[in-house]
Structures are given as C-alpha cells and as structure tokens.
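Everything below concerns the one structure shown next.
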Amino acid sequence: MEAVILDVDGTLADTERDGHRVAFNLAFEQLGLDHRWDVEAYGRLLEITGGQHRLHAYLEGEGMGEAERAELVPRLHARKNELFQELVAAGRIRPRPGVPELLDALERAGVRLAVATTGSRAWVEPLLAQLFGAGRFSPVITGDEAPVRKPDPSAYHQALEGLDLPPRSVVAVEDSANGLVAARAAGLACVVVTNGYTAGHDLTGAALVVDTFEDLDVATLGQVLASA
Ligand code: XBP
Ligand code: MG
C-alpha cells in the first residue's frame, strides 16, 4: 500500500448536515429567498453531487426557469462557500472521530495521503489546513479540477495520475455510494465509512464497510488491498 486517497465531505469530516446545509440555508436567507433545506430533505438532495448541480436540480424542481437559475445559482453557491468557510474558521467543523489518528499512523508507515472530492477548492484547502495541518495531502483533486462529479471516476483518475501510482497499490476511502462507484470505476479497492446520511446506501462492491474510523488501522487497509 503506497497511498490512500480520501474523500472529504462525510469522510474526513461530517461537513454536510451541520456545515454545507446550514451555509446553503443562510445563503438563501441572505439573498432574500424563502427556500430552506431541513435535515431530511438535504439527505435526499445529497444524491446530486456538487453544490451547484444540487441547487440547479432543486430550483428546477421548484419551477425556476433556466435563465433565472443560470444567474442565481453561481451567486448562491459562492455565498454558500463563503459562509461555509466562516463555519470552518470558527471551528464548527471537526474531523470524524479516529481520522487524525489514522492519518498520523499512515504517514508513520510511509503511506502517502491524497484527496479526491467533488467539493470546491475555495473551501477544501482551508478546511484541510484547519483540521489536519497544511500540506498533508498531495495531490488534492477538487471539483474545480474534476468538473464531472462523482460517480464519474475523473477525480480518482486525476489523483492516481498525481500520485503516479497504479490503482493496485492504492486504497480509496469514501462515505457514500456515489463515491464508492467513482473509486471502483477508477480500479481502486474502496473502504466505505458510513455516516448518518449514507448508512442505508447500496454499498455493493465495497472492500470493507464500517461505521467509524476507530475500526480502521494501517494493517486493516493493507489487508483490504492484499485481498482485493
Ligand atoms: C460532496 C458534494 C459537495 C458538497 C458541497 O460529495 O457533493 O457538493 O455537498 O460542496 P463527495 P460544493 O463527498 O462525494 O465528494 O458546494 O463545493 O460542491
Ligand atoms: Mg463524501
């Protein structure tokens, strides 16, 4: 095992319910819109990866025309990302339990760390630096570099290219069905660490499914790769 490629949202940190969702709602409010996403509704909307795609799909469902959406969605999304960064800076987003320990152990074992996310670079880099320290992950592939979102494997292909490693020496860690499909399509063995939003997903094809990082260590990830 030469490297581990990790997803961010829902994997390294529980960003969605108390992070992006809250920031989307504040952005709606600040732009004078009545829409609000409760915890359950947001869970359904998460099937659409990428914040801008999610906004488009939702507003289209609410009957908003394409021209109006084309103008509004980029503004809403940019505001959401600023508000999300404020939540990060205020310490409101924490690593999932067991993640810091696992990252430290992987580094001690000489395993490289990379990121493949569909989130925007504007908030991904500050979040990684704040939660884990600057420069821990290389490369960091975001939705800015991989505009075709998961379940498309593009983010994983780019991460492998940046690592200059074949998939057989790398493990992916994800939290969702969309992420799992993306990692598998890039030829990677994938461990899924579920959370409240993803526990019910169809995770067929996962090399291992757990519900906490506290059940993962370097040896377990190595075994996953050996038996893949
Ligand atoms: C994450 C996403 C993102 C985040 C918000 O999916 O779909 O859209 O919800 O980020 P994954 P942006 O964990 O599979 O990468 O608003 O910056 O897109
Ligand atoms: Mg995720």
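Going through the structure tokens in order, the chains are called A, B, and so on, while each chain numbers its residues from 1 and the ligands are numbered from 1 in the order shown.
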Could you please extract the residues within 8 Å of ligand 1, counting only C-alpha atoms and all ligand atoms, and hand them back as a ChimeraX atom specification?
/A:7-11,15-16,20,46-54,77,80-81,116-124,143,149-151,174-176,178-179
Excluding stretch 89-97 of chain A and its own-chain neighbours fewer than 4 positions away, which residues fall within 7 Å of it when counting only C-alpha atoms? Please give them as a ChimeraX atom specification.
/A:12-15,19,85,131,213-214
Could you take the residues named above and write them with all heavy atoms, as a short mmCIF file (atom, residue, chain, number, x, y, z; two decimals), in the first residue's frame?
data_model
loop_
_atom_site.label_atom_id
_atom_site.label_comp_id
_atom_site.auth_asym_id
_atom_site.auth_seq_id
_atom_site.Cartn_x
_atom_site.Cartn_y
_atom_site.Cartn_z
N LEU A 12 -13.63 12.56 5.70
CA LEU A 12 -12.67 13.16 6.63
C LEU A 12 -13.39 13.95 7.72
O LEU A 12 -12.93 14.03 8.85
CB LEU A 12 -11.69 14.07 5.87
CG LEU A 12 -10.65 13.35 4.99
CD1 LEU A 12 -9.86 14.36 4.18
CD2 LEU A 12 -9.70 12.50 5.84
N ALA A 13 -14.52 14.55 7.34
CA ALA A 13 -15.28 15.36 8.31
C ALA A 13 -16.76 15.26 7.99
O ALA A 13 -17.15 15.07 6.84
CB ALA A 13 -14.82 16.81 8.24
N ASP A 14 -17.59 15.39 9.03
CA ASP A 14 -19.04 15.43 8.84
C ASP A 14 -19.42 16.85 8.44
O ASP A 14 -19.80 17.66 9.27
CB ASP A 14 -19.76 15.01 10.12
CG ASP A 14 -20.17 13.55 10.06
OD1 ASP A 14 -20.55 13.09 8.97
OD2 ASP A 14 -20.09 12.88 11.10
N THR A 15 -19.30 17.15 7.16
CA THR A 15 -19.47 18.52 6.69
C THR A 15 -20.90 18.84 6.26
O THR A 15 -21.24 20.01 6.11
CB THR A 15 -18.59 18.74 5.44
OG1 THR A 15 -18.86 17.68 4.53
CG2 THR A 15 -17.13 18.78 5.79
N GLY A 19 -22.91 21.66 8.25
CA GLY A 19 -21.96 22.54 7.56
C GLY A 19 -22.56 23.11 6.29
O GLY A 19 -23.18 24.17 6.30
N GLN A 85 -16.93 28.54 4.76
CA GLN A 85 -15.57 28.82 5.24
C GLN A 85 -15.58 29.51 6.59
O GLN A 85 -14.69 29.32 7.42
CB GLN A 85 -14.83 29.69 4.24
CG GLN A 85 -14.30 28.91 3.06
CD GLN A 85 -13.56 29.81 2.08
OE1 GLN A 85 -12.47 30.27 2.36
NE2 GLN A 85 -14.18 30.08 0.96
N LEU A 131 -8.18 21.55 9.77
CA LEU A 131 -8.48 20.33 10.53
C LEU A 131 -7.26 19.43 10.70
O LEU A 131 -7.14 18.72 11.70
CB LEU A 131 -9.60 19.54 9.85
CG LEU A 131 -11.03 19.84 10.33
CD1 LEU A 131 -11.37 21.29 10.22
CD2 LEU A 131 -12.04 18.98 9.60
N PHE A 213 -14.16 5.39 11.85
CA PHE A 213 -12.72 5.27 11.57
C PHE A 213 -11.99 4.58 12.72
O PHE A 213 -10.85 4.14 12.55
CB PHE A 213 -12.11 6.65 11.31
CG PHE A 213 -12.31 7.13 9.90
CD1 PHE A 213 -13.47 7.78 9.54
CD2 PHE A 213 -11.35 6.89 8.93
CE1 PHE A 213 -13.67 8.22 8.24
CE2 PHE A 213 -11.53 7.32 7.63
CZ PHE A 213 -12.70 7.98 7.28
N GLU A 214 -12.63 4.51 13.87
CA GLU A 214 -11.99 3.85 15.01
C GLU A 214 -11.83 2.35 14.76
O GLU A 214 -11.07 1.69 15.46
CB GLU A 214 -12.78 4.15 16.29
CG GLU A 214 -12.56 5.61 16.72
CD GLU A 214 -13.69 6.21 17.53
OE1 GLU A 214 -14.86 5.90 17.24
OE2 GLU A 214 -13.38 7.03 18.43
#
From A:Val181, A:Ala129, A:Val111, A:Leu160, residue lying nearest ligand 2 [only C-alpha atoms and all ligand atoms]:
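The shortest atom-to-atom distance to ligand 2 comes from A:Val181.
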Quick one: residues within 9 Å of A:Ile5, only C-alpha atoms, excluding same-chain residues fewer than 2 positions away - as JSON, numbers by chain?
{"A": [3, 7, 112, 113, 114, 115, 116, 137, 156, 159, 160, 170, 171, 172, 173, 174]}
